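File shown here: query.cif, holding mmCIF, C-alpha atoms and all ligand atoms.
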```
data_run
loop_
_atom_site.label_atom_id
_atom_site.label_comp_id
_atom_site.auth_asym_id
_atom_site.auth_seq_id
_atom_site.Cartn_x
_atom_site.Cartn_y
_atom_site.Cartn_z
CA MET A 28 -33.00 5.26 -11.24
CA SER A 29 -31.12 1.98 -11.26
CA GLU A 30 -28.80 1.07 -8.44
CA THR A 31 -25.03 1.29 -8.71
CA VAL A 32 -23.41 -1.94 -7.60
CA ASN A 33 -19.78 -1.83 -6.52
CA SER A 34 -17.91 -4.98 -5.79
CA PHE A 35 -15.10 -5.21 -3.27
CA PRO A 36 -12.95 -8.25 -2.47
CA GLN A 37 -14.25 -10.01 0.64
CA THR A 38 -12.01 -10.74 3.63
CA LEU A 39 -12.41 -12.60 6.91
CA THR A 40 -10.97 -12.13 10.38
CA ILE A 41 -11.13 -15.09 12.78
CA ALA A 42 -10.38 -13.60 16.18
CA GLY A 43 -11.53 -12.13 19.46
CA THR A 44 -13.41 -8.87 20.02
CA ASP A 45 -12.13 -5.83 21.94
CA SER A 46 -15.05 -3.98 23.53
CA GLY A 47 -12.75 -0.93 23.71
CA GLY A 48 -12.52 -0.82 19.92
CA GLY A 49 -8.74 -0.65 19.60
CA ALA A 50 -7.61 -4.22 18.98
CA GLY A 51 -8.91 -7.62 17.91
CA VAL A 52 -11.83 -7.91 15.52
CA MET A 53 -12.65 -4.20 15.87
CA ALA A 54 -9.18 -3.11 14.72
CA ASP A 55 -9.33 -5.71 11.96
CA LEU A 56 -12.64 -4.50 10.53
CA LYS A 57 -11.61 -0.81 10.72
CA THR A 58 -8.31 -1.55 9.01
CA MET A 59 -9.86 -3.65 6.28
CA GLN A 60 -12.48 -0.96 5.65
CA GLU A 61 -9.69 1.60 5.15
CA HIS A 62 -8.12 -0.77 2.62
CA ARG A 63 -11.38 -0.86 0.69
CA VAL A 64 -12.35 -4.50 1.04
CA PHE A 65 -15.59 -5.93 2.42
CA SER A 66 -14.68 -7.42 5.79
CA THR A 67 -16.41 -10.22 7.67
CA ALA A 68 -15.70 -11.89 11.02
CA VAL A 69 -15.87 -15.23 12.78
CA ILE A 70 -15.85 -14.38 16.50
CA VAL A 71 -13.87 -16.93 18.51
CA ALA A 72 -13.83 -15.08 21.86
CA VAL A 73 -15.38 -12.00 23.43
CA THR A 74 -13.27 -9.77 25.68
CA ALA A 75 -14.35 -7.13 28.19
CA GLN A 76 -11.56 -4.68 27.50
CA ASN A 77 -10.57 -1.02 27.37
CA THR A 78 -7.32 0.90 27.01
CA LEU A 79 -6.43 -0.01 30.62
CA GLY A 80 -6.44 -3.76 29.98
CA VAL A 81 -8.46 -6.94 29.51
CA GLN A 82 -10.93 -7.27 32.40
CA ASP A 83 -12.44 -10.61 31.31
CA PHE A 84 -12.97 -12.87 28.33
CA MET A 85 -14.84 -15.96 27.24
CA ALA A 86 -14.36 -18.16 24.20
CA LEU A 87 -17.54 -19.11 22.33
CA PRO A 88 -18.91 -22.66 22.06
CA LYS A 89 -17.63 -24.80 19.15
CA LYS A 90 -21.10 -25.10 17.57
CA LEU A 91 -21.48 -21.34 17.21
CA ILE A 92 -17.99 -20.95 15.77
CA ASP A 93 -18.56 -23.77 13.27
CA GLU A 94 -21.87 -22.17 12.28
CA GLN A 95 -20.23 -18.79 11.64
CA PHE A 96 -17.74 -20.47 9.29
CA ALA A 97 -20.53 -22.38 7.54
CA SER A 98 -22.63 -19.21 7.12
CA LEU A 99 -19.77 -17.46 5.37
CA ALA A 100 -18.77 -20.44 3.25
CA ASP A 101 -22.39 -20.90 2.08
CA ASP A 102 -22.79 -17.39 0.79
CA LEU A 103 -19.68 -15.24 0.48
CA ALA A 104 -16.55 -15.40 -1.67
CA ILE A 105 -13.77 -14.72 0.80
CA LYS A 106 -10.47 -13.95 -0.94
CA ALA A 107 -8.13 -13.83 2.11
CA CYS A 108 -8.40 -14.37 5.85
CA LYS A 109 -6.48 -13.85 9.07
CA THR A 110 -6.44 -15.37 12.52
CA GLY A 111 -5.95 -13.39 15.75
CA MET A 112 -6.83 -14.25 19.36
CA LEU A 113 -7.73 -17.96 19.52
CA ALA A 114 -7.87 -18.37 23.33
CA ASP A 115 -6.91 -22.00 23.93
CA ALA A 116 -5.95 -25.34 22.36
CA GLU A 117 -9.56 -26.42 21.81
CA HIS A 118 -10.31 -23.24 19.88
CA VAL A 119 -7.13 -23.44 17.81
CA ASP A 120 -8.32 -26.95 16.81
CA ILE A 121 -11.78 -25.66 15.87
CA VAL A 122 -10.28 -22.95 13.67
CA VAL A 123 -7.78 -25.35 12.06
CA ASP A 124 -10.57 -27.82 11.21
CA ASN A 125 -12.63 -25.09 9.57
CA LEU A 126 -9.65 -23.70 7.63
CA LYS A 127 -9.05 -27.22 6.27
CA LYS A 128 -12.73 -27.62 5.39
CA TYR A 129 -13.24 -24.33 3.51
CA ASP A 130 -11.08 -22.31 1.12
CA PHE A 131 -10.88 -18.68 2.27
CA GLY A 132 -7.74 -17.88 0.25
CA PRO A 133 -4.35 -16.95 1.71
CA ILE A 134 -4.19 -17.25 5.51
CA VAL A 135 -2.39 -14.62 7.61
CA VAL A 136 -1.66 -16.01 11.09
CA ASP A 137 -1.10 -13.41 13.79
CA PRO A 138 -0.05 -15.71 16.67
CA VAL A 139 -1.57 -13.50 19.39
CA MET A 140 -0.41 -14.65 22.84
CA ILE A 141 -0.20 -11.86 25.42
CA ALA A 142 -1.79 -8.39 25.30
CA LYS A 143 0.55 -5.45 25.98
CA GLY A 144 -1.24 -5.00 29.31
CA GLY A 145 -0.16 -8.55 30.30
CA ALA A 146 -3.37 -10.56 29.78
CA ALA A 147 -2.86 -14.05 28.31
CA LEU A 148 -4.98 -14.34 25.16
CA LEU A 149 -3.70 -17.85 24.37
CA THR A 150 -3.03 -20.62 26.90
CA ASP A 151 0.48 -22.11 27.03
CA ASP A 152 -0.63 -25.57 25.90
CA ALA A 153 -2.23 -24.02 22.80
CA ILE A 154 1.15 -22.79 21.55
CA GLU A 155 2.11 -26.37 20.61
CA VAL A 156 -1.13 -26.77 18.67
CA VAL A 157 -0.52 -23.50 16.83
CA LYS A 158 2.96 -24.72 15.87
CA ARG A 159 1.88 -28.20 14.85
CA ASP A 160 -1.47 -27.58 13.17
CA LEU A 161 -1.99 -23.90 12.32
CA LEU A 162 1.42 -22.69 11.12
CA PRO A 163 1.61 -25.24 8.26
CA LEU A 164 -1.63 -23.74 6.87
CA ALA A 165 -0.34 -20.16 7.04
CA THR A 166 0.60 -18.13 3.98
CA ILE A 167 2.41 -15.81 6.38
CA VAL A 168 2.93 -15.74 10.13
CA THR A 169 3.50 -12.40 11.90
CA PRO A 170 5.01 -12.96 15.38
CA ASN A 171 6.48 -10.17 17.49
CA LEU A 172 9.75 -10.95 19.29
CA PRO A 173 8.25 -12.62 22.41
CA GLU A 174 5.89 -14.68 20.21
CA ALA A 175 8.76 -15.72 17.92
CA GLU A 176 10.72 -16.79 21.01
CA ARG A 177 7.80 -18.91 22.25
CA LEU A 178 7.24 -20.47 18.84
CA THR A 179 10.91 -21.38 18.30
CA GLY A 180 12.33 -21.77 21.81
CA LEU A 181 15.15 -19.39 20.81
CA SER A 182 16.30 -16.37 22.78
CA ILE A 183 16.25 -13.63 20.14
CA LYS A 184 18.78 -10.92 20.97
CA SER A 185 20.48 -10.33 17.62
CA ASP A 186 19.87 -10.06 13.87
CA ALA A 187 21.33 -13.53 13.47
CA ALA A 188 18.86 -14.95 16.00
CA MET A 189 15.95 -13.24 14.22
CA ARG A 190 17.07 -14.84 10.94
CA GLU A 191 17.45 -18.21 12.60
CA ALA A 192 13.96 -17.99 14.12
CA ALA A 193 12.42 -17.15 10.73
CA GLN A 194 14.27 -20.03 9.08
CA GLN A 195 13.06 -22.40 11.78
CA LEU A 196 9.43 -21.28 11.28
CA GLN A 197 9.79 -21.71 7.53
CA ALA A 198 11.29 -25.19 7.96
CA ALA A 199 8.26 -26.05 10.13
CA GLY A 200 5.96 -25.29 7.19
CA THR A 201 5.00 -21.59 7.06
CA LYS A 202 5.73 -20.11 3.63
CA ASN A 203 6.45 -16.50 4.57
CA ILE A 204 7.49 -14.98 7.88
CA ILE A 205 7.70 -11.48 9.30
CA ILE A 206 9.25 -11.17 12.75
CA LYS A 207 8.31 -7.78 14.18
CA GLY A 208 10.98 -5.94 16.13
CA GLY A 209 8.65 -3.49 17.90
CA HIS A 210 9.08 -5.18 21.31
CA GLY A 211 12.84 -4.49 21.30
CA ASN A 212 14.34 -1.31 22.79
CA THR A 213 16.38 0.08 19.90
CA ASP A 214 15.78 3.59 18.46
CA THR A 215 15.03 2.02 15.11
CA VAL A 216 12.38 -0.69 14.92
CA ARG A 217 13.50 -3.43 12.53
CA ASP A 218 11.30 -6.22 11.24
CA TYR A 219 12.82 -9.22 9.47
CA VAL A 220 11.01 -10.74 6.48
CA LEU A 221 11.76 -14.15 4.99
CA LEU A 222 9.78 -15.03 1.86
CA GLU A 223 8.89 -18.40 0.35
CA SER A 224 11.29 -17.69 -2.54
CA GLY A 225 14.18 -17.44 -0.08
CA LYS A 226 14.39 -13.67 -0.55
CA ASP A 227 14.81 -11.85 2.75
CA PHE A 228 14.94 -8.20 3.82
CA TRP A 229 14.64 -5.86 6.80
CA LEU A 230 12.00 -3.15 7.24
CA SER A 231 13.19 -0.24 9.38
CA ALA A 232 11.36 2.68 10.95
CA PRO A 233 12.23 5.17 13.70
CA ARG A 234 10.65 4.19 17.03
CA VAL A 235 7.79 6.53 17.98
CA ASP A 236 7.73 7.37 21.69
CA THR A 237 4.07 6.67 22.54
CA VAL A 238 1.86 4.47 24.73
CA ARG A 239 -0.79 4.50 22.03
CA THR A 240 0.11 1.27 20.21
CA HIS A 241 -2.84 -0.91 21.22
CA GLY A 242 -3.82 -3.19 18.35
CA THR A 243 -0.67 -2.68 16.30
CA GLY A 244 -0.29 -6.37 15.45
CA ASP A 245 -3.95 -6.73 14.51
CA THR A 246 -3.73 -3.69 12.26
CA LEU A 247 -0.63 -4.96 10.46
CA SER A 248 -2.03 -8.43 9.81
CA SER A 249 -5.42 -7.07 8.71
CA ALA A 250 -3.88 -4.62 6.27
CA MET A 251 -1.86 -7.48 4.80
CA THR A 252 -4.96 -9.65 4.52
CA ALA A 253 -6.85 -6.89 2.70
CA GLU A 254 -4.01 -6.34 0.24
CA LEU A 255 -3.71 -10.08 -0.44
CA ALA A 256 -7.47 -10.18 -1.09
CA LYS A 257 -6.98 -7.42 -3.66
CA GLY A 258 -4.45 -9.65 -5.42
CA LYS A 259 -1.24 -8.01 -4.27
CA ASP A 260 1.82 -10.27 -4.02
CA ILE A 261 3.07 -11.02 -0.53
CA GLU A 262 6.00 -8.58 -0.55
CA THR A 263 3.81 -5.70 -1.74
CA ALA A 264 1.13 -6.59 0.85
CA ILE A 265 3.76 -6.56 3.62
CA ARG A 266 5.19 -3.19 2.55
CA ILE A 267 1.77 -1.50 2.22
CA ALA A 268 0.69 -2.88 5.60
CA LYS A 269 3.87 -1.70 7.31
CA ASP A 270 3.51 1.84 5.89
CA PHE A 271 -0.14 1.91 7.03
CA VAL A 272 0.73 0.88 10.61
CA GLU A 273 3.57 3.38 10.84
CA ALA A 274 1.30 6.24 9.83
CA ALA A 275 -1.38 4.99 12.24
CA ILE A 276 1.13 5.02 15.12
CA ARG A 277 2.65 8.41 14.23
CA ASN A 278 -0.73 10.17 14.12
CA THR A 279 -2.51 8.55 17.04
CA ILE A 280 -5.75 9.75 18.56
CA GLN A 281 -6.68 10.37 22.20
CA VAL A 282 -9.04 7.59 23.36
CA GLY A 283 -9.24 6.29 26.94
CA HIS A 284 -6.79 6.68 29.80
CA GLY A 285 -4.28 3.92 29.12
CA HIS A 286 -2.70 2.11 26.25
CA GLY A 287 -4.61 3.86 23.47
CA PRO A 288 -5.52 2.73 19.96
CA LEU A 289 -4.01 3.61 16.59
CA ASN A 290 -5.49 6.08 14.18
CA HIS A 291 -6.91 3.92 11.41
CA TRP A 292 -7.78 6.99 9.33
CA ALA A 293 -4.17 8.15 9.17
N1 LIG B 1 -7.42 -8.02 22.48
C1 LIG B 1 -7.59 -8.79 21.43
C2 LIG B 1 -8.92 -9.40 21.20
C3 LIG B 1 -6.52 -8.99 20.54
O1 LIG B 1 -6.67 -9.76 19.47
C4 LIG B 1 -5.27 -8.38 20.81
C5 LIG B 1 -4.12 -8.53 19.94
O2 LIG B 1 -4.08 -9.21 18.99
C6 LIG B 1 -5.14 -7.61 21.94
C7 LIG B 1 -6.24 -7.45 22.75
C8 LIG B 1 -3.85 -7.01 22.36
O3 LIG B 1 -3.51 -5.87 21.74
P1 LIG B 1 -2.22 -5.12 22.23
O4 LIG B 1 -1.21 -6.13 22.67
O5 LIG B 1 -1.78 -4.40 21.00
O6 LIG B 1 -2.63 -4.21 23.32
#
```

How does the structure come out when it is put into structure tokens?
Ligand code: PLP
Amino acid sequence: MSETVNSFPQTLTIAGTDSGGGAGVMADLKTMQEHRVFSTAVIVAVTAQNTLGVQDFMALPKKLIDEQFASLADDLAIKACKTGMLADAEHVDIVVDNLKKYDFGPIVVDPVMIAKGGAALLTDDAIEVVKRDLLPLATIVTPNLPEAERLTGLSIKSDAAMREAAQQLQAAGTKNIIIKGGHGNTDTVRDYVLLESGKDFWLSAPRVDTVRTHGTGDTLSSAMTAELAKGKDIETAIRIAKDFVEAAIRNTIQVGHGHGPLNHWA
């Protein structure tokens, strides 16, 4: 009998691992798998982590990161990629250099800074490098409210401030922006989207009362990356990703004793 060969678009996550399986590269690969793409990973940092928090982490040496990029570029046909935890300024630089060297399609930048448990996943001095060197390469950037505040220097307490922050990020060179409202305290979670075309809109969903939201940002950005790899336009990719995350939060699973993961099968 001859083999059946299926082809799936190939995607890449450039990020840190979560030994606990709920966030980082692990959430990215699970999400991408659910979106029926073939997912690959360049590991930038390794964390010792569970649902209670990040116990330790270490970023990998430049040579090994460069080699992972080269291995993929030599053999695969990546159609879209995302960045997640990048650890520090040196590692942001390494990733930027590789993204300039190789074409991995549209780039989704999740500017991961602080885990919900409080651990810093990006050093303060690296934020400037992200702004200056990484954001201009991004097809879309996906900050939550605290990240958007750090990236713009604005205090974001109103719809008008969310709009202003998105406009500032766009003026600094990122084509499309989604500012996620999940870190606010309103009954309805509202995300603001500003597209390259100038079109803007809000995405609203009722807030789910749960501690099981570990890896939400990773899941959203990975779902978007997978949809972009499949050729979806940016607005469609954003809407599909948002619906996926909402379902994954509403139907969470019981894992660990703390800040549990989403249900990627939902
Ligand atoms: N660990 C890693 C490696 C991550 O990339 C992230 C988020 O991007 C987290 C932990 C934090 O996840 P959360 O803030 O959802 O708990």

Open item on the list: Under the rule that only C-alpha atoms are counted, which of A:Ser249, A:Ser34, A:Gln281, A:Leu56 is the nearest residue to Ile267 of chain A?
Closed with: A:Ser249

- [ ] Using atom CA of Arg177 of chain A and atom CA of Val52 of chain A as the two end points, give the distance in Å to one decimal.
- [x]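 Atom CA of Val52 of chain A lies at a distance of 23.5 Å from atom CA of Arg177 of chain A.
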
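Comparing A:Phe65, A:Lys184, A:Gly51, A:His291 by their smallest distance to Lys106 of chain A, the closest is A:Phe65 (using only C-alpha atoms).
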
Task: Near-ligand residues for ligand LIG 1 (chain B), threshold 6 Å, only C-alpha atoms and all ligand atoms, as a ChimeraX atom specification - done: /A:43-45,50-51,111-112,139,142-143,241-245

Mind writing the picked residues with C-alpha atoms as an mmCIF file, keeping the file's coordinate frame?
```
data_model
loop_
_atom_site.group_PDB
_atom_site.id
_atom_site.type_symbol
_atom_site.label_atom_id
_atom_site.label_comp_id
_atom_site.auth_asym_id
_atom_site.auth_seq_id
_atom_site.Cartn_x
_atom_site.Cartn_y
_atom_site.Cartn_z
ATOM 1 C CA GLY A 43 -11.530 -12.130 19.460
ATOM 2 C CA THR A 44 -13.410 -8.870 20.020
ATOM 3 C CA ASP A 45 -12.130 -5.830 21.940
ATOM 4 C CA ALA A 50 -7.610 -4.220 18.980
ATOM 5 C CA GLY A 51 -8.910 -7.620 17.910
ATOM 6 C CA GLY A 111 -5.950 -13.390 15.750
ATOM 7 C CA MET A 112 -6.830 -14.250 19.360
ATOM 8 C CA VAL A 139 -1.570 -13.500 19.390
ATOM 9 C CA ALA A 142 -1.790 -8.390 25.300
ATOM 10 C CA LYS A 143 0.550 -5.450 25.980
ATOM 11 C CA HIS A 241 -2.840 -0.910 21.220
ATOM 12 C CA GLY A 242 -3.820 -3.190 18.350
ATOM 13 C CA THR A 243 -0.670 -2.680 16.300
ATOM 14 C CA GLY A 244 -0.290 -6.370 15.450
ATOM 15 C CA ASP A 245 -3.950 -6.730 14.510
#
```

Open item on the list: Nearest residue to Ile154 of chain A out of A:Met59, A:Leu39, A:Ala116, A:Ala192, using all atoms listed in the file?
Closed with: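 With all atoms listed in the file as the atom set, the closest residue is A:Ala116.
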
TODO: Enter the distance from atom CA of Lys259 of chain A to atom CA of Leu103 of chain A, in Å, rounded to one decimal.
DONE: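 Computing it gives 20.4 Å between the two atoms.
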
Open item on the list: Could you check the closest approach to Leu255 of chain A for each of A:Ala146, A:Ala268, A:Val122, A:Leu162 and tell me which residue wins, using all atoms listed in the file?
Closed with: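 Of A:Ala146, A:Ala268, A:Val122, A:Leu162, the one nearest Leu255 of chain A, counting all atoms listed in the file, is A:Ala268.
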
Because the input lacks atoms here, generate N, CA and C atoms for segment 227-248 of chain A and report them as a PDB file, in the coordinates of the input.
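That gives us result_22.pdb:
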```pdb
ATOM      1  N   ASP A 227      15.050 -12.417   1.430  1.00  0.00           N
ATOM      2  CA  ASP A 227      14.810 -11.850   2.750  1.00  0.00           C
ATOM      3  C   ASP A 227      15.200 -10.387   2.784  1.00  0.00           C
ATOM      4  N   PHE A 228      14.615  -9.630   3.695  1.00  0.00           N
ATOM      5  CA  PHE A 228      14.940  -8.200   3.820  1.00  0.00           C
ATOM      6  C   PHE A 228      14.488  -7.695   5.195  1.00  0.00           C
ATOM      7  N   TRP A 229      15.017  -6.512   5.533  1.00  0.00           N
ATOM      8  CA  TRP A 229      14.640  -5.860   6.800  1.00  0.00           C
ATOM      9  C   TRP A 229      13.777  -4.649   6.486  1.00  0.00           C
ATOM     10  N   LEU A 230      12.799  -4.374   7.348  1.00  0.00           N
ATOM     11  CA  LEU A 230      12.000  -3.150   7.240  1.00  0.00           C
ATOM     12  C   LEU A 230      12.346  -2.311   8.470  1.00  0.00           C
ATOM     13  N   SER A 231      12.767  -1.069   8.252  1.00  0.00           N
ATOM     14  CA  SER A 231      13.190  -0.240   9.380  1.00  0.00           C
ATOM     15  C   SER A 231      12.337   1.013   9.484  1.00  0.00           C
ATOM     16  N   ALA A 232      12.085   1.426  10.724  1.00  0.00           N
ATOM     17  CA  ALA A 232      11.360   2.680  10.950  1.00  0.00           C
ATOM     18  C   ALA A 232      11.810   3.253  12.280  1.00  0.00           C
ATOM     19  N   PRO A 233      11.869   4.596  12.403  1.00  0.00           N
ATOM     20  CA  PRO A 233      12.230   5.170  13.700  1.00  0.00           C
ATOM     21  C   PRO A 233      11.179   4.820  14.743  1.00  0.00           C
ATOM     22  N   ARG A 234      11.614   4.499  15.968  1.00  0.00           N
ATOM     23  CA  ARG A 234      10.650   4.190  17.030  1.00  0.00           C
ATOM     24  C   ARG A 234       9.913   5.453  17.438  1.00  0.00           C
ATOM     25  N   VAL A 235       8.587   5.380  17.534  1.00  0.00           N
ATOM     26  CA  VAL A 235       7.790   6.530  17.980  1.00  0.00           C
ATOM     27  C   VAL A 235       7.573   6.366  19.477  1.00  0.00           C
ATOM     28  N   ASP A 236       7.844   7.434  20.232  1.00  0.00           N
ATOM     29  CA  ASP A 236       7.730   7.370  21.690  1.00  0.00           C
ATOM     30  C   ASP A 236       6.265   7.617  22.068  1.00  0.00           C
ATOM     31  N   THR A 237       5.504   6.552  22.248  1.00  0.00           N
ATOM     32  CA  THR A 237       4.070   6.670  22.540  1.00  0.00           C
ATOM     33  C   THR A 237       3.571   5.450  23.294  1.00  0.00           C
ATOM     34  N   VAL A 238       2.512   5.635  24.111  1.00  0.00           N
ATOM     35  CA  VAL A 238       1.860   4.470  24.730  1.00  0.00           C
ATOM     36  C   VAL A 238       0.673   4.022  23.876  1.00  0.00           C
ATOM     37  N   ARG A 239       0.394   4.801  22.825  1.00  0.00           N
ATOM     38  CA  ARG A 239      -0.790   4.500  22.030  1.00  0.00           C
ATOM     39  C   ARG A 239      -0.451   3.552  20.861  1.00  0.00           C
ATOM     40  N   THR A 240      -0.210   2.284  21.229  1.00  0.00           N
ATOM     41  CA  THR A 240       0.110   1.270  20.210  1.00  0.00           C
ATOM     42  C   THR A 240      -0.784   0.046  20.340  1.00  0.00           C
ATOM     43  N   HIS A 241      -1.917   0.209  21.005  1.00  0.00           N
ATOM     44  CA  HIS A 241      -2.840  -0.910  21.220  1.00  0.00           C
ATOM     45  C   HIS A 241      -3.407  -1.374  19.877  1.00  0.00           C
ATOM     46  N   GLY A 242      -3.266  -2.656  19.596  1.00  0.00           N
ATOM     47  CA  GLY A 242      -3.820  -3.190  18.350  1.00  0.00           C
ATOM     48  C   GLY A 242      -2.888  -3.088  17.157  1.00  0.00           C
ATOM     49  N   THR A 243      -1.613  -2.828  17.404  1.00  0.00           N
ATOM     50  CA  THR A 243      -0.670  -2.680  16.300  1.00  0.00           C
ATOM     51  C   THR A 243      -0.566  -3.956  15.450  1.00  0.00           C
ATOM     52  N   GLY A 244      -0.439  -5.094  16.165  1.00  0.00           N
ATOM     53  CA  GLY A 244      -0.290  -6.370  15.450  1.00  0.00           C
ATOM     54  C   GLY A 244      -1.533  -6.705  14.638  1.00  0.00           C
ATOM     55  N   ASP A 245      -2.686  -6.447  15.214  1.00  0.00           N
ATOM     56  CA  ASP A 245      -3.950  -6.730  14.510  1.00  0.00           C
ATOM     57  C   ASP A 245      -4.037  -5.875  13.246  1.00  0.00           C
ATOM     58  N   THR A 246      -3.638  -4.621  13.387  1.00  0.00           N
ATOM     59  CA  THR A 246      -3.730  -3.690  12.260  1.00  0.00           C
ATOM     60  C   THR A 246      -2.802  -4.128  11.129  1.00  0.00           C
ATOM     61  N   LEU A 247      -1.578  -4.516  11.483  1.00  0.00           N
ATOM     62  CA  LEU A 247      -0.630  -4.960  10.460  1.00  0.00           C
ATOM     63  C   LEU A 247      -1.159  -6.188   9.714  1.00  0.00           C
ATOM     64  N   SER A 248      -1.597  -7.184  10.457  1.00  0.00           N
ATOM     65  CA  SER A 248      -2.030  -8.430   9.810  1.00  0.00           C
ATOM     66  C   SER A 248      -3.313  -8.226   9.007  1.00  0.00           C
TER      67      SER A 248
END
```
